[in-house]
Amino acid sequence: MAQAQGLGKKYIKAFLKGFFVAVPVTVTFLDRVACVARVEGASMQPSLNPGGRQASDVVLLNHWSIRNYDVQRGDIVSLVMSTE
């Protein structure tokens, strides 16, 4: 029984180590590199949601290009208003 408790502690410790590494890496990636967003509605037709269908499109928002001012003519740019 004591060996099982030691084994459980070992797995919990390994999980917590992985968790405390994975969460900051994921948050940094989503904030600085790219994130996934869903586009709904007719505002972006015909580029997104073509044909007036009710399903939403999933897009990758590339934060890296915006930080490097690498925006080209024809690119779709998403703006978010911050209320801080």
# chains A, B, ... in the order shown; residues from 1 in each chain; ligands from 1
>>> closest_atom_pairs(of="segment 38-65 of chain A", to="segment 26-34 of chain A", cutoff="8 Å", atoms="only C-alpha atoms", output="CSV")
residue,atom,partner,partner_atom,distance
A:Leu60,CA,A:Ala34,CA,6.7
A:Leu61,CA,A:Ala34,CA,5.4
A:Asn62,CA,A:Ala34,CA,4.5
A:His63,CA,A:Val33,CA,5.0
A:Trp64,CA,A:Val33,CA,4.9
>>> residues_around(residues="segment 39-55 of chain A", least_positions_apart="5", cutoff="12 Å", atoms="only C-alpha atoms", output="MDAnalysis selection string")
chainID A and resid 60:61 74:78
>>> write_last_selection(atoms="all heavy atoms", output="short mmCIF file (atom, residue, chain, number, x, y, z; two decimals), in the first residue's frame")
data_model
loop_
_atom_site.label_atom_id
_atom_site.label_comp_id
_atom_site.auth_asym_id
_atom_site.auth_seq_id
_atom_site.Cartn_x
_atom_site.Cartn_y
_atom_site.Cartn_z
N LEU A 60 -7.28 31.03 -38.70
CA LEU A 60 -6.08 31.18 -37.87
C LEU A 60 -5.68 32.64 -37.91
O LEU A 60 -5.42 33.20 -38.98
CB LEU A 60 -4.95 30.31 -38.41
CG LEU A 60 -3.64 30.40 -37.65
CD1 LEU A 60 -3.79 29.76 -36.28
CD2 LEU A 60 -2.52 29.73 -38.42
N LEU A 61 -5.65 33.28 -36.77
CA LEU A 61 -5.24 34.68 -36.67
C LEU A 61 -3.74 34.72 -36.40
O LEU A 61 -3.28 34.28 -35.34
CB LEU A 61 -6.01 35.39 -35.55
CG LEU A 61 -7.53 35.41 -35.71
CD1 LEU A 61 -8.16 36.08 -34.49
CD2 LEU A 61 -7.94 36.10 -36.98
N GLY A 74 -4.86 42.81 -49.76
CA GLY A 74 -5.70 41.63 -49.91
C GLY A 74 -5.78 40.78 -48.65
O GLY A 74 -6.59 39.87 -48.57
N ASP A 75 -4.93 41.05 -47.66
CA ASP A 75 -5.00 40.32 -46.39
C ASP A 75 -6.24 40.75 -45.61
O ASP A 75 -6.66 41.90 -45.69
CB ASP A 75 -3.76 40.59 -45.53
CG ASP A 75 -2.53 39.91 -46.05
OD1 ASP A 75 -2.64 39.08 -46.98
OD2 ASP A 75 -1.44 40.21 -45.53
N ILE A 76 -6.81 39.82 -44.88
CA ILE A 76 -7.92 40.12 -44.00
C ILE A 76 -7.35 40.42 -42.62
O ILE A 76 -6.59 39.63 -42.08
CB ILE A 76 -8.93 38.96 -43.93
CG1 ILE A 76 -9.52 38.72 -45.31
CG2 ILE A 76 -10.00 39.23 -42.91
CD1 ILE A 76 -10.37 37.49 -45.40
N VAL A 77 -7.70 41.57 -42.07
CA VAL A 77 -7.16 41.99 -40.78
C VAL A 77 -8.30 42.03 -39.77
O VAL A 77 -9.37 42.56 -40.04
CB VAL A 77 -6.49 43.38 -40.89
CG1 VAL A 77 -5.97 43.83 -39.55
CG2 VAL A 77 -5.38 43.35 -41.92
N SER A 78 -8.05 41.47 -38.60
CA SER A 78 -9.05 41.45 -37.53
C SER A 78 -8.65 42.46 -36.46
O SER A 78 -7.51 42.48 -36.02
CB SER A 78 -9.11 40.05 -36.91
OG SER A 78 -9.92 40.04 -35.78
#
>>> select_by_dssp(residues="chain A", states="helix (DSSP H, G or I)", output="ChimeraX atom specification")
/A:2-32,50-52,63-67
>>> atom_distance(atom1="atom CA of Ala37 of chain A", atom2="atom CA of Val80 of chain A")
12.2 Å
>>> select_by_dssp(residues="chain A", states="strand (DSSP E)", output="list in words")
Ala34, Cys35, Val36, Ala37, Arg38, Val39, Asp57, Val58, Val59, Leu60, Leu61 and Asn62 of chain A
>>> write_last_selection(atoms="N, CA and C atoms", output="PDB file, in the first residue's frame")
ATOM      1  N   ALA A  34      -0.076  32.949 -32.731  1.00  0.00           N
ATOM      2  CA  ALA A  34      -1.314  32.743 -33.489  1.00  0.00           C
ATOM      3  C   ALA A  34      -2.384  32.171 -32.577  1.00  0.00           C
ATOM      4  N   CYS A  35      -3.630  32.355 -32.985  1.00  0.00           N
ATOM      5  CA  CYS A  35      -4.746  31.727 -32.280  1.00  0.00           C
ATOM      6  C   CYS A  35      -5.839  31.398 -33.285  1.00  0.00           C
ATOM      7  N   VAL A  36      -6.781  30.588 -32.873  1.00  0.00           N
ATOM      8  CA  VAL A  36      -7.873  30.147 -33.724  1.00  0.00           C
ATOM      9  C   VAL A  36      -9.128  30.922 -33.337  1.00  0.00           C
ATOM     10  N   ALA A  37      -9.882  31.371 -34.347  1.00  0.00           N
ATOM     11  CA  ALA A  37     -11.122  32.113 -34.098  1.00  0.00           C
ATOM     12  C   ALA A  37     -12.214  31.606 -35.036  1.00  0.00           C
ATOM     13  N   ARG A  38     -13.445  31.849 -34.663  1.00  0.00           N
ATOM     14  CA  ARG A  38     -14.597  31.448 -35.473  1.00  0.00           C
ATOM     15  C   ARG A  38     -15.240  32.697 -36.070  1.00  0.00           C
ATOM     16  N   VAL A  39     -15.540  32.648 -37.367  1.00  0.00           N
ATOM     17  CA  VAL A  39     -16.157  33.768 -38.061  1.00  0.00           C
ATOM     18  C   VAL A  39     -17.603  33.399 -38.365  1.00  0.00           C
ATOM     19  N   ASP A  57     -17.038  29.661 -40.258  1.00  0.00           N
ATOM     20  CA  ASP A  57     -15.695  29.285 -40.691  1.00  0.00           C
ATOM     21  C   ASP A  57     -14.728  29.452 -39.528  1.00  0.00           C
ATOM     22  N   VAL A  58     -13.702  28.613 -39.509  1.00  0.00           N
ATOM     23  CA  VAL A  58     -12.652  28.696 -38.496  1.00  0.00           C
ATOM     24  C   VAL A  58     -11.403  29.244 -39.179  1.00  0.00           C
ATOM     25  N   VAL A  59     -10.805  30.259 -38.591  1.00  0.00           N
ATOM     26  CA  VAL A  59      -9.630  30.905 -39.176  1.00  0.00           C
ATOM     27  C   VAL A  59      -8.482  30.941 -38.174  1.00  0.00           C
ATOM     28  N   LEU A  60      -7.279  31.025 -38.697  1.00  0.00           N
ATOM     29  CA  LEU A  60      -6.084  31.182 -37.874  1.00  0.00           C
ATOM     30  C   LEU A  60      -5.683  32.642 -37.915  1.00  0.00           C
ATOM     31  N   LEU A  61      -5.649  33.282 -36.766  1.00  0.00           N
ATOM     32  CA  LEU A  61      -5.245  34.678 -36.670  1.00  0.00           C
ATOM     33  C   LEU A  61      -3.741  34.717 -36.395  1.00  0.00           C
ATOM     34  N   ASN A  62      -2.990  35.240 -37.350  1.00  0.00           N
ATOM     35  CA  ASN A  62      -1.537  35.256 -37.275  1.00  0.00           C
ATOM     36  C   ASN A  62      -1.071  36.549 -36.611  1.00  0.00           C
TER      37      ASN A  62
END
